[in-house]
Amino acid sequence: MNGKGCFITLEGIDASGKSTLAAGLKEYIIEQGWPLASLREPGGTQISEKIRQLLLDTANAGMKPWTEAVLYGAARRQLVEECIKPALDNGAIVLADRYTDSTLAYQGYGRGLELKRLEELNDICTGGIRPDLTLLLDLEPARARERQDRQQADRLEKEGCEFQAKVRNGYLELARRYPERIQLIDASRSLEEVMETARLFIKDRLSSGK
């Protein structure tokens with residue numbers, strides 16, 4: 001656990017169902033009477049939301065990989081200091097849609113940036129705050145593409161299946177590296193099945209106190 005609270009992150013390729021799962025888990029956590037801070041990355045603060053606009057704007061197609069990585073890191077640092085750390089110190093469950101694994105999967109495995117340097121960036125931008133539990137929604141890129149509204153796709157969503165396949169493989173590698181933290185969920189199943197699996201993982205982690 002992080003201090004008095006518990007830090008839970010949701011990860012997965014675009015259109016894997018994270019936002020829908022986050023909404024359902026938010027209701028579940030509140031129903032259990034647990035204090036909750038629900039956040040998204042990039043975003044969650046006034047400054048971080050402005051950085052989000054830069055990152056996802058399709059007009060910024062020329063953005064370089066390291067520029068992208070550093071902007072994500074800057075948005076994350078603001079979120080950690082302004083929201084995540086205070087919430088954990090106050091004993092809340094922090095539920096975040098994306099966190100440091102996204103940087104490794106997208107900018108590392110997807111863009112090809114050096115993982116060690118990205119891990120150093122993550123350490124700087126988080127102050128060492130790491131998730132207690134990560135729920136990884138695994139879905140084939142072709143299935144995810146079927147779910148997307150391509151008219152509303154942002155800059156990263158427009159990268160296509162080949163890029164998303166690299167990102168997915170990165171996520172699966174991270175799950176192999178950190179099996180004690182990252183729990184894999186088959187996102188091709190029904191929403192009810194995905195939700196129930198996620199609830200069980202959260203319940204087990206909170207009851208274990210680890």
# chains A, B, ... in the order shown; residues from 1 in each chain; ligands from 1

$ select_by_dssp --residues "range 8-122 of chain A" --states "alpha helix (DSSP H)" --output "ChimeraX atom specification"
/A:18-31,46-56,65-79,85-89,100-102,115-122

$ residues_around --residues "Ile47 in chain A" --least-positions-apart "2" --cutoff "12 Å" --atoms "only C-alpha atoms" --output "VMD selection string"
chain A and resid 41 to 45 49 to 54 71 to 72 74 to 79 81 to 82

$ residues_around --residues "Gly112 in chain A" --least-positions-apart "3" --cutoff "12 Å" --atoms "only C-alpha atoms" --output "list in words"
Lys64, Pro65, Trp66, Ala69, Thr103, Leu104, Ala105, Tyr106, Gln107, Gly108, Tyr109, Leu115, Lys116, Arg117, Leu118, Phe163, Lys166, Val167 and Gly170 of chain A

$ write_last_selection --atoms "C-alpha atoms" --output "CSV table (one decimal), in the first residue's frame"
chain,number,residue,atom,x,y,z
A,64,LYS,CA,8.6,14.1,-31.7
A,65,PRO,CA,8.6,10.9,-29.5
A,66,TRP,CA,10.7,12.5,-26.7
A,69,ALA,CA,7.2,11.4,-23.4
A,103,THR,CA,4.7,5.6,-20.9
A,104,LEU,CA,6.7,2.4,-21.2
A,105,ALA,CA,4.1,0.7,-23.5
A,106,TYR,CA,3.4,3.7,-25.8
A,107,GLN,CA,6.7,5.6,-25.9
A,108,GLY,CA,8.9,2.7,-25.2
A,109,TYR,CA,7.6,-0.3,-27.0
A,115,LEU,CA,13.1,1.9,-21.7
A,116,LYS,CA,15.7,2.6,-19.1
A,117,ARG,CA,15.6,6.3,-19.8
A,118,LEU,CA,11.8,6.3,-19.7
A,163,PHE,CA,1.4,0.7,-33.6
A,166,LYS,CA,3.5,-2.9,-30.5
A,167,VAL,CA,1.9,-1.2,-27.5
A,170,GLY,CA,4.7,-4.0,-24.5

$ residues_around --residues "range 130-145 of chain A" --least-positions-apart "3" --cutoff "7 Å" --atoms "only C-alpha atoms" --output "NGL selection string"
:A and (1 or 6-12 or 14-16 or 148 or 161 or 164-165 or 181-188)

$ write_last_selection --atoms "C-alpha atoms" --output "PDB file, in the first residue's frame"
ATOM      1  CA  MET A   1       0.000   0.000   0.000  1.00  0.00           C
ATOM      2  CA  CYS A   6      -4.277   2.179  -2.122  1.00  0.00           C
ATOM      3  CA  PHE A   7      -3.269   3.132  -5.662  1.00  0.00           C
ATOM      4  CA  ILE A   8      -5.031   1.256  -8.484  1.00  0.00           C
ATOM      5  CA  THR A   9      -4.334   1.912 -12.172  1.00  0.00           C
ATOM      6  CA  LEU A  10      -6.117   0.823 -15.345  1.00  0.00           C
ATOM      7  CA  GLU A  11      -4.077   0.159 -18.475  1.00  0.00           C
ATOM      8  CA  GLY A  12      -4.579  -1.100 -22.007  1.00  0.00           C
ATOM      9  CA  ASP A  14      -6.877   2.540 -26.990  1.00  0.00           C
ATOM     10  CA  ALA A  15     -10.528   1.409 -27.044  1.00  0.00           C
ATOM     11  CA  SER A  16      -9.838  -1.537 -24.727  1.00  0.00           C
ATOM     12  CA  GLN A 148     -13.511   3.144 -32.104  1.00  0.00           C
ATOM     13  CA  CYS A 161      -3.235  -1.310 -35.669  1.00  0.00           C
ATOM     14  CA  GLN A 164      -1.286  -0.543 -31.212  1.00  0.00           C
ATOM     15  CA  ALA A 165       0.083  -4.079 -31.654  1.00  0.00           C
ATOM     16  CA  ARG A 181       1.237  -6.063  -9.503  1.00  0.00           C
ATOM     17  CA  ILE A 182      -0.222  -6.330 -12.998  1.00  0.00           C
ATOM     18  CA  GLN A 183      -3.350  -8.456 -13.354  1.00  0.00           C
ATOM     19  CA  LEU A 184      -4.416  -9.353 -16.885  1.00  0.00           C
ATOM     20  CA  ILE A 185      -8.102  -9.146 -17.840  1.00  0.00           C
ATOM     21  CA  ASP A 186      -9.464 -10.444 -21.153  1.00  0.00           C
ATOM     22  CA  ALA A 187     -11.211  -7.336 -22.485  1.00  0.00           C
ATOM     23  CA  SER A 188     -12.952  -9.270 -25.274  1.00  0.00           C
TER      24      SER A 188
END

$ select_by_dssp --residues "range 39-181 of chain A" --states "strand (DSSP E or B)" --output "NGL selection string"
:A and (39-40 or 93-97 or 133-138)

$ residues_around --residues "Ser38 in chain A" --least-positions-apart "5" --cutoff "10 Å" --atoms "only C-alpha atoms" --output "ChimeraX atom specification"
/A:8-9,22-23,25-26,44,83-84,87,92-97

$ write_last_selection --atoms "C-alpha atoms" --output "PDB file, in the first residue's frame"
ATOM      1  CA  ILE A   8      -5.031   1.256  -8.484  1.00  0.00           C
ATOM      2  CA  THR A   9      -4.334   1.912 -12.172  1.00  0.00           C
ATOM      3  CA  ALA A  22     -13.346   3.074 -14.582  1.00  0.00           C
ATOM      4  CA  ALA A  23     -16.931   4.334 -14.403  1.00  0.00           C
ATOM      5  CA  LEU A  25     -15.409   0.590 -10.582  1.00  0.00           C
ATOM      6  CA  LYS A  26     -15.991   4.119  -9.332  1.00  0.00           C
ATOM      7  CA  GLY A  44      -6.844  15.507 -13.727  1.00  0.00           C
ATOM      8  CA  CYS A  83      -3.961  14.962  -6.398  1.00  0.00           C
ATOM      9  CA  ILE A  84      -2.446  11.476  -6.076  1.00  0.00           C
ATOM     10  CA  ALA A  87      -5.309  11.438  -1.638  1.00  0.00           C
ATOM     11  CA  ALA A  92      -8.199   7.148  -0.139  1.00  0.00           C
ATOM     12  CA  ILE A  93      -8.329   4.619  -2.927  1.00  0.00           C
ATOM     13  CA  VAL A  94      -6.864   6.327  -5.977  1.00  0.00           C
ATOM     14  CA  LEU A  95      -8.231   4.948  -9.245  1.00  0.00           C
ATOM     15  CA  ALA A  96      -6.285   6.225 -12.251  1.00  0.00           C
ATOM     16  CA  ASP A  97      -7.048   5.661 -15.924  1.00  0.00           C
TER      17      ASP A  97
END

$ closest_residue --among "A:Ile124, A:Leu156, A:Ile30, A:Leu88" --to "Thr58 in chain A" --atoms "only C-alpha atoms"
A:Leu156

$ residues_around --residues "Gly91 in chain A" --least-positions-apart "4" --cutoff "10 Å" --atoms "only C-alpha atoms" --output "PyMOL selection string"
chain A and resi 1-6+34-36+86-87

$ write_last_selection --atoms "N, CA and C atoms" --output "short mmCIF file (atom, residue, chain, number, x, y, z; two decimals), in the first residue's frame"
data_model
loop_
_atom_site.label_atom_id
_atom_site.label_comp_id
_atom_site.auth_asym_id
_atom_site.auth_seq_id
_atom_site.Cartn_x
_atom_site.Cartn_y
_atom_site.Cartn_z
N MET A 1 0.84 -1.20 0.00
CA MET A 1 0.00 0.00 0.00
C MET A 1 0.88 1.25 0.00
N ASN A 2 0.33 2.34 -0.56
CA ASN A 2 1.01 3.64 -0.56
C ASN A 2 0.52 4.45 0.63
N GLY A 3 1.34 4.52 1.70
CA GLY A 3 0.92 5.25 2.88
C GLY A 3 -0.33 4.63 3.47
N LYS A 4 -1.35 5.44 3.67
CA LYS A 4 -2.61 4.95 4.22
C LYS A 4 -3.56 4.46 3.15
N GLY A 5 -3.34 4.88 1.90
CA GLY A 5 -4.27 4.57 0.82
C GLY A 5 -3.83 3.43 -0.07
N CYS A 6 -4.58 3.23 -1.15
CA CYS A 6 -4.28 2.18 -2.12
C CYS A 6 -4.38 2.78 -3.51
N TRP A 34 -15.76 3.11 0.57
CA TRP A 34 -14.34 3.45 0.59
C TRP A 34 -14.14 4.86 0.01
N PRO A 35 -13.29 5.67 0.62
CA PRO A 35 -13.00 7.00 0.06
C PRO A 35 -12.28 6.84 -1.27
N LEU A 36 -12.64 7.67 -2.24
CA LEU A 36 -12.14 7.49 -3.60
C LEU A 36 -11.69 8.79 -4.23
N PRO A 86 -1.63 13.56 -2.10
CA PRO A 86 -2.52 13.97 -1.01
C PRO A 86 -3.64 12.97 -0.74
N ALA A 87 -4.22 12.40 -1.81
CA ALA A 87 -5.31 11.44 -1.64
C ALA A 87 -4.83 10.18 -0.93
#

$ atom_distance --atom1 "CA of Arg155 in chain A" --atom2 "CA of Leu191 in chain A"
26.4 Å
